[in-house]
Amino acid sequence: MYIIYFAIIVLIPLWAQMRVKSTFGKYSRVSTSTYRRGADVAREILNANGLYNVAVEEGRGFLSDHYDPRSKTVRLSPENYHGNSIAAAAVAAHECGHAIQDGQGYAFLRFRHALVPVANLGSNASWILVMIGIFAHLSGLLLLGIVFMAAAVLFQIVTLPVEFNASNRAMNQVVSLGLIGNREQREARKVLNAAALTYVAAAAVAVLELLRLVLIFTGMNRNDD
């Protein structure tokens with residue numbers, strides 16, 4: 001059972017990553033009918049939403065695209081910053097979706113930002129407490145580790161509506177502003193859906209790990225009784 005369990009938690013993220021890379025690879029070779037670069041798509045979306053203060057910069061690394069709320073910057077990986085593909089337009093629009101969320105005070109985004117320090121602490125400390133608790137047979141320490149891990153899991157779960165909402169905003173923007181052709185909407189949606197799978201996979205694995213530890217804690221207490 002343990003072999004099957006660990007195979008599942010390893011294979012789910014790998015499958016999601018492979019799906020993202022294959023989908024992105026396919027549509028990064030297909031230009032949009034408007035031939036706009038990802039950087040231009042981002043700038044037009046931001047301007048259309050009055051976010052003139054949000055910068056668009058070229059980042060580093062493959063699929064390193066993100067929105068930085070601290071510096072109010074959309075950073076696009078080189079292939080998406082310079083590329084005029086459907087994939088570049090979809091990813092650029094998605095990151096602008098986060099900028100729009102930030103500008104409008106989207107509740108889930110604000111909640112996720114508030115969870116960052118707690119989630120970081122939970123991710124770093126939880127496994128230390130869990131391992132000591134299990135090997136030293138200290139159920140109290142194990143429970144503390146579970147609490148810390150729960151904070152990190154909550155962050156993963158809250159990330160889901162943030163990402164899905166950003167993708168919906170992205171599609172609305174590229175369509176309403178005419179940044180992609182009507183026939184390209186389906187392909188852009190495929191890129192966004194594939195990217196969302198990585199967040200779903202991460203959340204699923206995190207929840208499974210948390211449930212496994214809860215079962216271990218329950219069994220430990222039962223044996224002590």
# chains A, B, ... in the order shown; residues from 1 in each chain; ligands from 1

$ select_by_dssp --residues "stretch 41-175 of chain A" --states "strand (DSSP E or B)" --output "NGL selection string"
:A and (55-58 or 66-68 or 73-76 or 85)

$ closest_atom_pairs --of "stretch 15-39 of chain A" --to "stretch 59-83 of chain A" --cutoff "7 Å" --atoms "only C-alpha atoms" --output "JSON lines"
{"residue": "A:Arg37", "atom": "CA", "partner": "A:Gly83", "partner_atom": "CA", "distance": 5.1}
{"residue": "A:Gly38", "atom": "CA", "partner": "A:Tyr81", "partner_atom": "CA", "distance": 4.8}
{"residue": "A:Ala39", "atom": "CA", "partner": "A:Tyr81", "partner_atom": "CA", "distance": 4.8}

$ residues_around --residues "A:Ile134" --least-positions-apart "5" --cutoff "9 Å" --atoms "only C-alpha atoms" --output "list of chain:residue names"
A:Leu129, A:Ser139, A:Leu141, A:Leu142, A:Ile216, A:Phe217, A:Met220

$ closest_atom_pairs --of "stretch 80-141 of chain A" --to "stretch 147-160 of chain A" --cutoff "8 Å" --atoms "only C-alpha atoms" --output "JSON lines"
{"residue": "A:Phe108", "atom": "CA", "partner": "A:Val158", "partner_atom": "CA", "distance": 6.7}
{"residue": "A:Leu109", "atom": "CA", "partner": "A:Thr159", "partner_atom": "CA", "distance": 7.9}
{"residue": "A:Phe111", "atom": "CA", "partner": "A:Val158", "partner_atom": "CA", "distance": 7.8}
{"residue": "A:Arg112", "atom": "CA", "partner": "A:Val158", "partner_atom": "CA", "distance": 6.3}
{"residue": "A:Leu115", "atom": "CA", "partner": "A:Phe155", "partner_atom": "CA", "distance": 6.3}
{"residue": "A:Val116", "atom": "CA", "partner": "A:Phe155", "partner_atom": "CA", "distance": 7.4}
{"residue": "A:Val118", "atom": "CA", "partner": "A:Ala151", "partner_atom": "CA", "distance": 6.5}
{"residue": "A:Ala119", "atom": "CA", "partner": "A:Ala152", "partner_atom": "CA", "distance": 4.2}
{"residue": "A:Asn120", "atom": "CA", "partner": "A:Ala152", "partner_atom": "CA", "distance": 7.1}
{"residue": "A:Leu121", "atom": "CA", "partner": "A:Phe148", "partner_atom": "CA", "distance": 7.4}
{"residue": "A:Gly122", "atom": "CA", "partner": "A:Phe148", "partner_atom": "CA", "distance": 4.3}
{"residue": "A:Ser123", "atom": "CA", "partner": "A:Ala152", "partner_atom": "CA", "distance": 5.9}
{"residue": "A:Ala125", "atom": "CA", "partner": "A:Phe148", "partner_atom": "CA", "distance": 7.1}
{"residue": "A:Ser126", "atom": "CA", "partner": "A:Phe148", "partner_atom": "CA", "distance": 5.2}
{"residue": "A:Trp127", "atom": "CA", "partner": "A:Met149", "partner_atom": "CA", "distance": 7.9}

$ write_last_selection --atoms "N, CA and C atoms" --output "short mmCIF file (atom, residue, chain, number, x, y, z; two decimals), in the first residue's frame"
data_model
loop_
_atom_site.label_atom_id
_atom_site.label_comp_id
_atom_site.auth_asym_id
_atom_site.auth_seq_id
_atom_site.Cartn_x
_atom_site.Cartn_y
_atom_site.Cartn_z
N PHE A 108 -9.51 36.39 -2.28
CA PHE A 108 -8.70 35.18 -2.17
C PHE A 108 -7.21 35.48 -2.35
N LEU A 109 -6.89 36.45 -3.22
CA LEU A 109 -5.50 36.82 -3.41
C LEU A 109 -4.94 37.46 -2.14
N PHE A 111 -6.02 36.96 0.86
CA PHE A 111 -5.93 35.91 1.86
C PHE A 111 -4.67 35.07 1.64
N ARG A 112 -4.38 34.78 0.36
CA ARG A 112 -3.19 33.98 0.05
C ARG A 112 -1.92 34.74 0.44
N LEU A 115 -1.30 34.46 4.02
CA LEU A 115 -0.89 33.12 4.43
C LEU A 115 0.57 32.81 4.13
N VAL A 116 1.22 33.62 3.29
CA VAL A 116 2.59 33.30 2.84
C VAL A 116 3.56 33.05 3.99
N VAL A 118 3.01 32.24 7.10
CA VAL A 118 2.57 31.06 7.86
C VAL A 118 2.85 29.78 7.06
N ALA A 119 2.57 29.83 5.76
CA ALA A 119 2.79 28.66 4.90
C ALA A 119 4.27 28.34 4.78
N ASN A 120 5.11 29.36 4.67
CA ASN A 120 6.56 29.14 4.60
C ASN A 120 7.08 28.49 5.88
N LEU A 121 6.61 29.00 7.00
CA LEU A 121 7.01 28.41 8.29
C LEU A 121 6.52 26.98 8.40
N GLY A 122 5.28 26.76 7.96
CA GLY A 122 4.72 25.41 8.02
C GLY A 122 5.47 24.44 7.14
N SER A 123 5.85 24.87 5.93
CA SER A 123 6.57 23.99 5.01
C SER A 123 7.94 23.63 5.55
N ALA A 125 9.07 23.84 8.84
CA ALA A 125 9.14 23.23 10.17
C ALA A 125 8.35 21.94 10.30
N SER A 126 7.33 21.77 9.47
CA SER A 126 6.42 20.65 9.68
C SER A 126 7.11 19.29 9.62
N TRP A 127 7.94 19.07 8.59
CA TRP A 127 8.53 17.74 8.43
C TRP A 127 9.54 17.41 9.52
#

$ atom_distance --atom1 "atom CA of A:Gly145" --atom2 "atom CA of A:Leu213"
9.1 Å

$ residues_around --residues "A:Val191" --least-positions-apart "6" --cutoff "8 Å" --atoms "only C-alpha atoms" --output "PyMOL selection string"
chain A and resi 20+23-24+27+87+90-91

$ closest_residue --among "A:Ile9, A:Met131, A:Leu144, A:Leu51" --to "A:Ala202" --atoms "only C-alpha atoms"
A:Ile9

$ closest_residue --among "A:Leu215, A:Ile45, A:Ala93, A:Val30" --to "A:Met171" --atoms "only C-alpha atoms"
A:Ala93

$ closest_residue --among "A:Val130, A:Val200, A:Ala16, A:Ala89" --to "A:Glu187" --atoms "only C-alpha atoms"
A:Ala89

$ atom_distance --atom1 "atom CA of A:Asn172" --atom2 "atom CA of A:Ala204"
27.8 Å

$ closest_residue --among "A:Gly25, A:Gly140, A:Gly105, A:Gly219" --to "A:Ala88" --atoms "only C-alpha atoms"
A:Gly25

$ closest_residue --among "A:Val162, A:Ile3, A:Gln104, A:Gly97" --to "A:Ala42" --atoms "only C-alpha atoms"
A:Gly97
